[in-house]
$ cat my_file_15.cif   # mmCIF, C-alpha atoms and all ligand atoms
data_data
loop_
_atom_site.group_PDB
_atom_site.id
_atom_site.type_symbol
_atom_site.label_atom_id
_atom_site.label_comp_id
_atom_site.auth_asym_id
_atom_site.auth_seq_id
_atom_site.Cartn_x
_atom_site.Cartn_y
_atom_site.Cartn_z
ATOM 1 C CA MET A 6 0.000 0.000 0.000
ATOM 2 C CA LEU A 7 1.520 3.310 -1.055
ATOM 3 C CA ALA A 8 1.637 6.253 1.341
ATOM 4 C CA TYR A 9 0.448 8.680 -1.353
ATOM 5 C CA PRO A 10 -3.175 9.008 -2.529
ATOM 6 C CA THR A 11 -2.229 10.321 -5.997
ATOM 7 C CA ILE A 12 0.753 10.499 -8.350
ATOM 8 C CA GLU A 13 0.843 14.285 -7.808
ATOM 9 C CA ALA A 14 1.109 13.777 -4.043
ATOM 10 C CA ALA A 15 3.950 11.304 -4.562
ATOM 11 C CA GLU A 16 5.749 13.719 -6.894
ATOM 12 C CA SER A 17 5.434 16.672 -4.538
ATOM 13 C CA SER A 18 6.674 14.527 -1.623
ATOM 14 C CA LEU A 19 9.696 13.253 -3.599
ATOM 15 C CA GLY A 20 10.340 16.713 -5.106
ATOM 16 C CA ARG A 21 10.593 15.354 -8.666
ATOM 17 C CA ASN A 22 8.569 13.714 -11.423
ATOM 18 C CA LEU A 23 8.050 9.969 -11.159
ATOM 19 C CA THR A 24 9.929 7.825 -13.667
ATOM 20 C CA LEU A 25 7.941 5.531 -15.974
ATOM 21 C CA PRO A 26 8.628 2.392 -13.860
ATOM 22 C CA GLU A 27 7.553 4.352 -10.754
ATOM 23 C CA ARG A 28 4.303 5.427 -12.439
ATOM 24 C CA LEU A 29 3.624 1.809 -13.422
ATOM 25 C CA TRP A 30 4.397 0.662 -9.891
ATOM 26 C CA PHE A 31 2.042 3.324 -8.513
ATOM 27 C CA ALA A 32 -0.744 2.212 -10.859
ATOM 28 C CA TYR A 33 -0.264 -1.425 -9.858
ATOM 29 C CA SER A 34 0.424 -1.281 -6.141
ATOM 30 C CA ALA A 35 -1.347 1.849 -4.819
ATOM 31 C CA ASP A 36 -4.483 -0.002 -3.684
ATOM 32 C CA LYS A 37 -2.865 -3.336 -2.796
ATOM 33 C CA SER A 38 -1.831 -4.326 0.717
ATOM 34 C CA ASP A 39 1.815 -5.128 1.476
ATOM 35 C CA TYR A 40 0.743 -8.640 2.441
ATOM 36 C CA PHE A 41 -0.915 -9.173 -0.926
ATOM 37 C CA LEU A 42 2.200 -7.895 -2.733
ATOM 38 C CA TYR A 43 4.406 -10.229 -0.690
ATOM 39 C CA CYS A 44 2.153 -13.195 -1.523
ATOM 40 C CA HIS A 45 2.941 -12.696 -5.221
ATOM 41 C CA ASN A 46 5.962 -14.867 -4.448
ATOM 42 C CA ILE A 47 3.780 -17.955 -4.228
ATOM 43 C CA LEU A 48 2.347 -17.329 -7.682
ATOM 44 C CA PHE A 49 5.840 -16.686 -9.097
ATOM 45 C CA LEU A 50 7.103 -19.980 -7.651
ATOM 46 C CA PHE A 51 4.257 -21.968 -9.201
ATOM 47 C CA VAL A 52 4.628 -20.252 -12.573
ATOM 48 C CA ILE A 53 8.444 -20.478 -12.692
ATOM 49 C CA PHE A 54 8.574 -24.154 -11.729
ATOM 50 C CA SER A 55 5.827 -24.990 -14.211
ATOM 51 C CA LEU A 56 7.159 -23.055 -17.223
ATOM 52 C CA VAL A 57 10.964 -22.688 -17.037
ATOM 53 C CA PRO A 58 11.672 -26.481 -17.108
ATOM 54 C CA LEU A 59 9.498 -27.007 -20.214
ATOM 55 C CA PRO A 60 12.231 -26.449 -22.872
ATOM 56 C CA TYR A 61 14.390 -29.053 -21.084
ATOM 57 C CA VAL A 62 11.479 -31.504 -20.909
ATOM 58 C CA PHE A 63 10.804 -30.972 -24.611
ATOM 59 C CA ALA A 64 14.508 -31.437 -25.442
ATOM 60 C CA GLU A 65 14.639 -34.643 -23.388
ATOM 61 C CA LEU A 66 11.552 -36.182 -24.999
ATOM 62 C CA ARG A 67 12.256 -35.135 -28.592
ATOM 63 C CA ARG A 68 16.031 -35.574 -28.313
ATOM 64 C CA ILE A 69 16.651 -32.307 -30.097
ATOM 65 C CA PRO A 70 20.266 -32.599 -31.393
ATOM 66 C CA VAL A 71 21.310 -29.051 -30.483
ATOM 67 C CA PHE A 72 20.434 -29.846 -26.832
ATOM 68 C CA ASP A 73 21.172 -33.565 -26.920
ATOM 69 C CA ARG A 74 24.889 -33.242 -27.617
ATOM 70 C CA HIS A 75 25.212 -31.292 -24.339
ATOM 71 C CA LYS A 76 23.383 -33.825 -22.149
ATOM 72 C CA ILE A 77 25.643 -34.511 -19.180
ATOM 73 C CA GLN A 78 24.603 -38.147 -18.570
ATOM 74 C CA PRO A 79 23.418 -39.240 -22.031
ATOM 75 C CA LYS A 80 22.585 -42.813 -21.003
ATOM 76 C CA PHE A 81 20.055 -41.582 -18.489
ATOM 77 C CA ARG A 82 16.566 -40.911 -19.936
ATOM 78 C CA LEU A 83 13.240 -40.374 -18.210
ATOM 79 C CA SER A 84 9.796 -40.876 -19.694
ATOM 80 C CA LEU A 85 7.127 -38.182 -19.674
ATOM 81 C CA GLN A 86 5.285 -40.064 -16.925
ATOM 82 C CA GLU A 87 8.380 -40.146 -14.713
ATOM 83 C CA MET A 88 8.991 -36.435 -15.241
ATOM 84 C CA PHE A 89 5.361 -35.648 -14.537
ATOM 85 C CA ARG A 90 5.511 -37.651 -11.299
ATOM 86 C CA CYS A 91 8.464 -35.497 -10.192
ATOM 87 C CA TYR A 92 6.564 -32.310 -11.154
ATOM 88 C CA TRP A 93 3.479 -33.498 -9.293
ATOM 89 C CA ASP A 94 5.475 -34.264 -6.107
ATOM 90 C CA VAL A 95 7.094 -30.824 -6.284
ATOM 91 C CA MET A 96 3.745 -29.080 -6.741
ATOM 92 C CA ARG A 97 2.352 -30.980 -3.761
ATOM 93 C CA LEU A 98 5.353 -29.828 -1.722
ATOM 94 C CA PHE A 99 4.729 -26.243 -2.815
ATOM 95 C CA PHE A 100 1.070 -26.456 -1.938
ATOM 96 C CA LEU A 101 1.582 -28.086 1.478
ATOM 97 C CA VAL A 102 4.897 -26.577 2.645
ATOM 98 C CA VAL A 103 6.314 -23.699 0.574
ATOM 99 C CA GLY A 104 3.001 -21.840 0.089
ATOM 100 C CA PRO A 105 1.982 -21.944 3.785
ATOM 101 C CA LEU A 106 5.551 -21.006 4.781
ATOM 102 C CA GLN A 107 5.349 -17.925 2.568
ATOM 103 C CA LEU A 108 1.970 -16.986 4.039
ATOM 104 C CA VAL A 109 3.179 -17.116 7.640
ATOM 105 C CA SER A 110 6.626 -15.594 7.062
ATOM 106 C CA TYR A 111 5.174 -12.172 6.227
ATOM 107 C CA PRO A 112 5.805 -10.708 9.735
ATOM 108 C CA THR A 113 9.500 -11.598 9.353
ATOM 109 C CA VAL A 114 9.632 -9.844 5.988
ATOM 110 C CA LYS A 115 7.952 -6.798 7.521
ATOM 111 C CA PHE A 116 10.302 -6.917 10.522
ATOM 112 C CA ILE A 117 13.486 -7.017 8.430
ATOM 113 C CA GLY A 118 12.268 -3.944 6.557
ATOM 114 C CA ILE A 119 11.479 -4.942 2.986
ATOM 115 C CA ARG A 120 9.663 -1.919 1.594
ATOM 116 C CA THR A 121 6.977 -1.614 -1.052
ATOM 117 C CA GLY A 122 6.773 2.176 -1.512
ATOM 118 C CA LEU A 123 8.351 4.884 -3.652
ATOM 119 C CA PRO A 124 10.986 5.719 -4.784
ATOM 120 C CA LEU A 125 11.892 2.524 -6.600
ATOM 121 C CA PRO A 126 15.497 1.323 -6.231
ATOM 122 C CA SER A 127 17.939 2.096 -9.045
ATOM 123 C CA GLY A 128 19.152 -0.695 -11.333
ATOM 124 C CA TRP A 129 22.575 -0.472 -9.708
ATOM 125 C CA GLU A 130 21.085 -0.851 -6.199
ATOM 126 C CA ILE A 131 19.079 -3.909 -7.308
ATOM 127 C CA LEU A 132 22.186 -5.462 -8.880
ATOM 128 C CA MET A 133 24.344 -4.917 -5.795
ATOM 129 C CA GLN A 134 21.701 -6.304 -3.450
ATOM 130 C CA LEU A 135 21.146 -9.362 -5.654
ATOM 131 C CA ALA A 136 24.912 -10.000 -5.645
ATOM 132 C CA VAL A 137 24.910 -9.904 -1.814
ATOM 133 C CA TYR A 138 21.871 -12.225 -1.648
ATOM 134 C CA PHE A 139 23.531 -14.763 -3.958
ATOM 135 C CA LEU A 140 26.827 -14.681 -2.029
ATOM 136 C CA VAL A 141 25.158 -14.998 1.387
ATOM 137 C CA GLU A 142 22.862 -17.783 0.176
ATOM 138 C CA ASP A 143 25.699 -19.667 -1.462
ATOM 139 C CA TYR A 144 27.901 -19.589 1.643
ATOM 140 C CA THR A 145 25.132 -20.550 4.102
ATOM 141 C CA ASN A 146 23.693 -23.179 1.770
ATOM 142 C CA TYR A 147 27.155 -24.698 1.400
ATOM 143 C CA TRP A 148 27.427 -25.452 5.131
ATOM 144 C CA ILE A 149 23.825 -26.613 5.570
ATOM 145 C CA HIS A 150 24.146 -28.868 2.521
ATOM 146 C CA ARG A 151 27.436 -30.228 3.858
ATOM 147 C CA PHE A 152 25.765 -30.951 7.201
ATOM 148 C CA LEU A 153 22.934 -32.746 5.362
ATOM 149 C CA HIS A 154 25.550 -35.145 4.001
ATOM 150 C CA CYS A 155 26.429 -36.433 7.480
ATOM 151 C CA LYS A 156 25.008 -39.925 8.138
ATOM 152 C CA TRP A 157 21.944 -38.728 10.063
ATOM 153 C CA GLY A 158 21.182 -35.762 7.806
ATOM 154 C CA TYR A 159 21.471 -37.841 4.664
ATOM 155 C CA GLU A 160 19.444 -40.831 5.819
ATOM 156 C CA LYS A 161 16.662 -38.823 7.476
ATOM 157 C CA ILE A 162 16.360 -35.866 5.100
ATOM 158 C CA HIS A 163 18.693 -35.289 2.164
ATOM 159 C CA SER A 164 18.449 -38.726 0.486
ATOM 160 C CA VAL A 165 15.103 -37.658 -1.024
ATOM 161 C CA HIS A 166 16.792 -34.937 -3.099
ATOM 162 C CA HIS A 167 19.401 -37.484 -4.201
ATOM 163 C CA GLU A 168 16.828 -39.945 -5.569
ATOM 164 C CA PHE A 169 17.766 -38.416 -8.931
ATOM 165 C CA THR A 170 21.346 -39.520 -9.651
ATOM 166 C CA ALA A 171 21.000 -37.688 -12.964
ATOM 167 C CA PRO A 172 18.906 -34.622 -12.085
ATOM 168 C CA ILE A 173 16.220 -33.107 -14.295
ATOM 169 C CA SER A 174 14.948 -29.532 -14.233
ATOM 170 C CA PHE A 175 11.759 -30.440 -12.324
ATOM 171 C CA ALA A 176 13.882 -32.063 -9.604
ATOM 172 C CA ALA A 177 15.471 -28.770 -8.465
ATOM 173 C CA PRO A 178 13.116 -28.402 -5.474
ATOM 174 C CA TYR A 179 12.409 -32.151 -5.187
ATOM 175 C CA ALA A 180 13.332 -32.738 -1.533
ATOM 176 C CA HIS A 181 12.147 -33.737 1.918
ATOM 177 C CA TRP A 182 9.805 -31.101 3.415
ATOM 178 C CA ALA A 183 12.312 -30.506 6.238
ATOM 179 C CA GLU A 184 15.047 -29.702 3.708
ATOM 180 C CA VAL A 185 12.773 -27.189 1.997
ATOM 181 C CA LEU A 186 12.194 -25.482 5.340
ATOM 182 C CA ILE A 187 15.875 -25.544 6.385
ATOM 183 C CA LEU A 188 17.114 -24.229 3.027
ATOM 184 C CA GLY A 189 14.601 -21.388 3.260
ATOM 185 C CA ILE A 190 16.942 -19.836 5.864
ATOM 186 C CA PRO A 191 19.809 -19.018 3.427
ATOM 187 C CA SER A 192 17.263 -17.526 1.019
ATOM 188 C CA PHE A 193 15.988 -15.101 3.678
ATOM 189 C CA LEU A 194 19.360 -14.288 5.206
ATOM 190 C CA GLY A 195 20.591 -11.996 2.409
ATOM 191 C CA PRO A 196 17.429 -9.852 2.357
ATOM 192 C CA ALA A 197 17.548 -9.776 6.195
ATOM 193 C CA ILE A 198 21.127 -8.419 6.145
ATOM 194 C CA VAL A 199 20.548 -5.953 3.288
ATOM 195 C CA PRO A 200 16.795 -5.325 3.090
ATOM 196 C CA GLY A 201 15.607 -3.809 -0.167
ATOM 197 C CA HIS A 202 12.439 -3.198 -2.157
ATOM 198 C CA ILE A 203 9.841 -5.925 -2.666
ATOM 199 C CA ILE A 204 10.648 -5.858 -6.418
ATOM 200 C CA THR A 205 14.271 -6.786 -5.599
ATOM 201 C CA PHE A 206 12.941 -9.523 -3.312
ATOM 202 C CA TRP A 207 10.693 -10.905 -6.080
ATOM 203 C CA LEU A 208 13.617 -10.816 -8.496
ATOM 204 C CA TRP A 209 15.843 -12.602 -6.002
ATOM 205 C CA ILE A 210 13.357 -15.431 -5.421
ATOM 206 C CA ALA A 211 12.725 -15.771 -9.183
ATOM 207 C CA LEU A 212 16.413 -15.750 -10.192
ATOM 208 C CA ARG A 213 17.416 -18.193 -7.456
ATOM 209 C CA GLN A 214 14.728 -20.641 -8.627
ATOM 210 C CA ILE A 215 15.684 -20.260 -12.297
ATOM 211 C CA GLU A 216 19.334 -20.852 -11.330
ATOM 212 C CA ALA A 217 18.362 -24.035 -9.428
ATOM 213 C CA ILE A 218 16.359 -25.274 -12.438
ATOM 214 C CA GLU A 219 19.338 -24.700 -14.716
ATOM 215 C CA THR A 220 21.828 -26.454 -12.430
ATOM 216 C CA HIS A 221 19.509 -29.484 -12.205
ATOM 217 C CA SER A 222 18.620 -29.525 -15.904
ATOM 218 C CA GLY A 223 21.054 -32.301 -16.894
ATOM 219 C CA TYR A 224 22.262 -30.175 -19.838
ATOM 220 C CA ASP A 225 25.495 -28.167 -19.876
ATOM 221 C CA LEU A 226 24.496 -25.684 -22.542
ATOM 222 C CA PRO A 227 27.465 -23.613 -23.768
ATOM 223 C CA TRP A 228 25.329 -20.612 -24.775
ATOM 224 C CA THR A 229 23.749 -20.007 -21.356
ATOM 225 C CA PRO A 230 24.510 -16.434 -20.107
ATOM 226 C CA THR A 231 25.516 -17.807 -16.692
ATOM 227 C CA LYS A 232 28.750 -19.034 -18.324
ATOM 228 C CA TYR A 233 29.936 -15.422 -18.111
ATOM 229 C CA ILE A 234 29.491 -15.182 -14.314
ATOM 230 C CA PRO A 235 32.857 -15.609 -12.533
ATOM 231 C CA PHE A 236 33.112 -18.690 -10.270
ATOM 232 C CA TYR A 237 29.638 -19.865 -11.317
ATOM 233 C CA GLY A 238 29.103 -23.612 -10.822
ATOM 234 C CA GLY A 239 26.377 -24.477 -13.321
ATOM 235 C CA ALA A 240 24.722 -27.684 -14.460
ATOM 236 C CA GLU A 241 27.778 -29.892 -14.923
ATOM 237 C CA TYR A 242 29.131 -28.903 -11.517
ATOM 238 C CA HIS A 243 25.985 -29.831 -9.570
ATOM 239 C CA ASP A 244 25.251 -32.825 -11.794
ATOM 240 C CA TYR A 245 28.476 -34.408 -10.527
ATOM 241 C CA HIS A 246 27.201 -34.033 -6.947
ATOM 242 C CA HIS A 247 24.071 -36.035 -7.863
ATOM 243 C CA TYR A 248 26.024 -38.515 -9.997
ATOM 244 C CA VAL A 249 28.224 -39.511 -7.039
ATOM 245 C CA GLY A 250 25.145 -39.634 -4.807
ATOM 246 C CA GLY A 251 25.035 -40.309 -1.059
ATOM 247 C CA GLN A 252 28.803 -40.765 -0.745
ATOM 248 C CA SER A 253 29.328 -37.411 -2.387
ATOM 249 C CA GLN A 254 31.741 -35.234 -0.450
ATOM 250 C CA SER A 255 32.177 -32.951 -3.433
ATOM 251 C CA ASN A 256 30.481 -29.893 -4.924
ATOM 252 C CA PHE A 257 28.236 -28.825 -2.034
ATOM 253 C CA ALA A 258 27.841 -25.204 -3.144
ATOM 254 C CA SER A 259 24.550 -24.145 -4.686
ATOM 255 C CA VAL A 260 25.677 -21.334 -6.991
ATOM 256 C CA PHE A 261 29.426 -20.620 -7.044
ATOM 257 C CA THR A 262 32.549 -22.797 -6.936
ATOM 258 C CA TYR A 263 34.731 -20.834 -4.524
ATOM 259 C CA CYS A 264 33.482 -22.454 -1.270
ATOM 260 C CA ASP A 265 34.250 -25.959 -2.542
ATOM 261 C CA TYR A 266 37.666 -24.722 -3.683
ATOM 262 C CA ILE A 267 38.507 -22.993 -0.371
ATOM 263 C CA TYR A 268 37.336 -25.898 1.815
ATOM 264 C CA GLY A 269 38.805 -28.570 -0.479
ATOM 265 C CA THR A 270 35.516 -30.252 -1.379
ATOM 266 C CA ASP A 271 35.987 -30.087 -5.136
ATOM 267 C CA LYS A 272 38.884 -32.554 -5.357
ATOM 268 C CA GLY A 273 36.747 -35.522 -6.458
ATOM 269 C CA TYR A 274 35.155 -33.403 -9.184
ATOM 270 C CA GLN A 275 38.499 -32.030 -10.408
ATOM 271 C CA TYR A 276 39.929 -35.558 -10.587
ATOM 272 C CA HIS A 277 36.806 -36.813 -12.403
ATOM 273 C CA LYS A 278 37.110 -33.975 -14.936
ATOM 274 C CA LYS A 279 40.784 -34.722 -15.524
ATOM 275 C CA VAL A 280 40.156 -38.448 -16.114
ATOM 276 C CA LEU A 281 37.133 -37.718 -18.328
ATOM 277 C CA GLY A 282 39.136 -35.169 -20.326
ATOM 278 C CA LYS A 283 41.933 -37.714 -20.924
ATOM 279 C CA LEU A 284 39.417 -40.380 -21.952
ATOM 280 C CA LYS A 285 37.756 -38.056 -24.466
ATOM 281 C CA GLU A 286 41.151 -37.107 -25.858
ATOM 282 C CA GLU A 287 42.073 -40.793 -26.326
ATOM 283 C CA GLN A 288 38.710 -41.565 -27.983
ATOM 284 C CA LYS A 289 39.198 -38.624 -30.340
ATOM 285 C CA ARG A 290 42.687 -39.810 -31.257
ATOM 286 C CA ALA A 291 41.478 -43.391 -31.796
ATOM 287 C CA ALA A 292 38.650 -42.168 -34.033
ATOM 288 C CA GLN A 293 41.107 -40.091 -36.069
ATOM 289 C CA LEU A 294 43.420 -43.097 -36.413
ATOM 290 C CA ASN A 295 40.573 -45.397 -37.533
ATOM 291 C CA GLY A 296 39.416 -42.752 -40.004
ATOM 292 C CA GLY A 297 42.957 -42.553 -41.399
ATOM 293 C CA LYS A 298 43.150 -46.341 -41.839
ATOM 294 C CA ARG A 299 39.882 -46.442 -43.800
ATOM 295 C CA ASP A 300 41.307 -43.882 -46.224
HETATM 296 ZN ZN ZN A 401 23.552 -33.284 -1.669
HETATM 297 ZN ZN ZN A 402 20.577 -30.944 -6.266
#
$ encode --input "my_file_15.cif" --output "structure tokens" --more "lines below"
Ligand SMILES: [Zn+2]
Ligand SMILES: [Zn+2]
Amino acid sequence: MLAYPTIEAAESSLGRNLTLPERLWFAYSADKSDYFLYCHNILFLFVIFSLVPLPYVFAELRRIPVFDRHKIQPKFRLSLQEMFRCYWDVMRLFFLVVGPLQLVSYPTVKFIGIRTGLPLPSGWEILMQLAVYFLVEDYTNYWIHRFLHCKWGYEKIHSVHHEFTAPISFAAPYAHWAEVLILGIPSFLGPAIVPGHIITFWLWIALRQIEAIETHSGYDLPWTPTKYIPFYGGAEYHDYHHYVGGQSQSNFASVFTYCDYIYGTDKGYQYHKKVLGKLKEEQKRAAQLNGGKRD
């Protein structure tokens, strides 16, 4: 709910004309409660997790060559029914756990000072805050995830997320309800440390989910823009964590690679990459040799 009854009142209070995004925000949010605006998150989660994985599902079912050559575990294929079962379980989790959690966490959001009013934050401010949110989430998630790989944590909670040894995009939030609740903490910590505008908060939740979908997609697409983010883990990085499974003591980080590097938990992955690289090199050489003999 905005503090100003009209655009003119807002402009005279701010001492300047409203920008176009601010006018649009005024038109949209002036008569809506802060609680209602916050609850948009639930809708975003449902929409993002229903729509963003679809290109990957389509690529998997139709085996589109431009995608298929970048499949990380090519021998692993799921049917439409199996993918739909995963989607259905995730939606049930959203409906029973994530949605209610969002509804009751509003007082916390209000307490930490996420604002809904004018002026809107600048693009630079949004970018800086998002960077902090990603870094804080990544670091906290790293340690919680590492704890979930202890014997008790894995057997009681985290094994559900590892049911997919070759993850698919729908499996990003596929987890035990307790894990969903625990991993909500790192997501809220960044905004609690550096509270911003609700638009930044929406963006943060949306981008974090899209990132999780990409890292669980099972495809290491070379043209994805995230390839340009320094120290970004990506699909291949997290895929290895699922590939190794319960014994995995490698690649715990959710977004970046620096935590695993600093704490020495990327050694298995680095070794695996080295061996795989050598193997590919040998196969390439053998294919060239065989080609030469045929000539
Ligand atoms: Zn794990
Ligand atoms: Zn995962």
$ closest_residue --input "my_file_15.cif" --among "A:Asn46, A:Thr170, A:Ser55, A:Thr24" --to "ligand ZN 401 (chain A)" --atoms "all atoms listed in the file"
A:Thr170
$ residues_near_ligand --input "my_file_15.cif" --ligand "ligand ZN 402 (chain A)" --cutoff "8 Å" --atoms "only C-alpha atoms and all ligand atoms" --output "ChimeraX atom specification"
/A:166-167,172,176-178,217,220-221,243-244,246-247
$ residues_near_ligand --input "my_file_15.cif" --ligand "ligand ZN 401 (chain A)" --cutoff "12 Å" --atoms "all atoms listed in the file" --output "JSON, numbers by chain"
{"A": [146, 147, 148, 149, 150, 151, 152, 153, 154, 155, 156, 158, 159, 160, 162, 163, 164, 165, 166, 167, 168, 169, 170, 172, 177, 179, 180, 181, 184, 221, 243, 244, 245, 246, 247, 248, 249, 250, 251, 252, 253, 254, 255, 256, 257, 258, 259]}
$ residues_near_point --input "my_file_15.cif" --point "(27.4, -25.6, -23.2)" --cutoff "12 Å" --atoms "all atoms listed in the file" --output "count of residues only"
22
$ closest_residue --input "my_file_15.cif" --among "A:Lys278, A:Ile267, A:Tyr92, A:Ile198" --to "Phe116 in chain A" --atoms "all atoms listed in the file"
A:Ile198
$ closest_atom_pairs --input "my_file_15.cif" --of "range 123-184 of chain A" --to "range 202-213 of chain A" --cutoff "9 Å" --atoms "only C-alpha atoms" --output "CSV"
residue,atom,partner,partner_atom,distance
A:Leu125,CA,A:His202,CA,7.3
A:Pro126,CA,A:His202,CA,6.8
A:Ile131,CA,A:Thr205,CA,5.9
A:Leu132,CA,A:Thr205,CA,8.7
A:Gln134,CA,A:Thr205,CA,7.7
A:Leu135,CA,A:Trp209,CA,6.2
A:Tyr138,CA,A:Trp209,CA,7.4
A:Phe139,CA,A:Arg213,CA,7.8
$ closest_residue --input "my_file_15.cif" --among "A:Pro26, A:Pro105, A:Gly238, A:Pro60" --to "Ile47 in chain A" --atoms "only C-alpha atoms"
A:Pro105
$ closest_residue --input "my_file_15.cif" --among "A:Glu130, A:Lys80, A:Pro58, A:Tyr266" --to "Gln214 in chain A" --atoms "only C-alpha atoms"
A:Pro58
$ atom_distance --input "my_file_15.cif" --atom1 "CA of Phe41 in chain A" --atom2 "CA of Leu106 in chain A"
14.6 Å
$ resolve_selection --input "my_file_15.cif" --expression "the PyMOL selection byres (((chain A and resi 11) around 12) and not hetatm)" --output "list in words"
Leu7, Ala8, Tyr9, Pro10, Ile12, Glu13, Ala14, Ala15, Glu16, Ser17, Ser18, Leu23, Arg28, Phe31, Ala32, Ser34, Ala35 and Asp36 of chain A
$ atom_distance --input "my_file_15.cif" --atom1 "CA of Gly282 in chain A" --atom2 "CA of Pro79 in chain A"
16.3 Å
$ atom_distance --input "my_file_15.cif" --atom1 "CA of Arg120 in chain A" --atom2 "CA of Ile234 in chain A"
28.7 Å
$ build_atoms --input "my_file_15.cif" --residues "range 179-195 of chain A" --atoms "N, CA and C atoms" --output "compact mmCIF listing (two decimals), in the frame of the given file"
# COMPACT_ATOMS: atom_id res chain seq x y z
N TYR A 179 12.89 -30.84 -5.62
CA TYR A 179 12.41 -32.15 -5.19
C TYR A 179 13.23 -32.55 -3.95
N ALA A 180 12.59 -32.50 -2.78
CA ALA A 180 13.33 -32.74 -1.53
C ALA A 180 12.36 -33.06 -0.41
N HIS A 181 12.92 -33.52 0.69
CA HIS A 181 12.15 -33.74 1.92
C HIS A 181 11.60 -32.38 2.39
N TRP A 182 10.40 -32.38 2.99
CA TRP A 182 9.80 -31.10 3.42
C TRP A 182 10.71 -30.36 4.40
N ALA A 183 11.43 -31.14 5.24
CA ALA A 183 12.31 -30.51 6.24
C ALA A 183 13.46 -29.78 5.55
N GLU A 184 13.96 -30.35 4.46
CA GLU A 184 15.05 -29.70 3.71
C GLU A 184 14.56 -28.38 3.09
N VAL A 185 13.33 -28.41 2.59
CA VAL A 185 12.77 -27.19 2.00
C VAL A 185 12.69 -26.09 3.05
N LEU A 186 12.30 -26.47 4.26
CA LEU A 186 12.19 -25.48 5.34
C LEU A 186 13.58 -24.98 5.75
N ILE A 187 14.52 -25.92 5.92
CA ILE A 187 15.88 -25.54 6.38
C ILE A 187 16.56 -24.64 5.35
N LEU A 188 16.42 -25.00 4.06
CA LEU A 188 17.11 -24.23 3.03
C LEU A 188 16.40 -22.91 2.71
N GLY A 189 15.25 -22.70 3.37
CA GLY A 189 14.60 -21.39 3.26
C GLY A 189 15.41 -20.33 4.00
N ILE A 190 16.17 -20.78 5.04
CA ILE A 190 16.94 -19.84 5.86
C ILE A 190 17.97 -19.08 5.02
N PRO A 191 18.84 -19.77 4.25
CA PRO A 191 19.81 -19.02 3.43
C PRO A 191 19.14 -18.05 2.45
N SER A 192 17.95 -18.40 1.98
CA SER A 192 17.26 -17.53 1.02
C SER A 192 16.80 -16.22 1.68
N PHE A 193 16.47 -16.30 2.97
CA PHE A 193 15.99 -15.10 3.68
C PHE A 193 17.12 -14.29 4.30
N LEU A 194 18.27 -14.93 4.48
CA LEU A 194 19.36 -14.29 5.21
C LEU A 194 19.89 -13.04 4.49
N GLY A 195 20.09 -13.14 3.18
CA GLY A 195 20.59 -12.00 2.41
C GLY A 195 19.66 -10.79 2.54
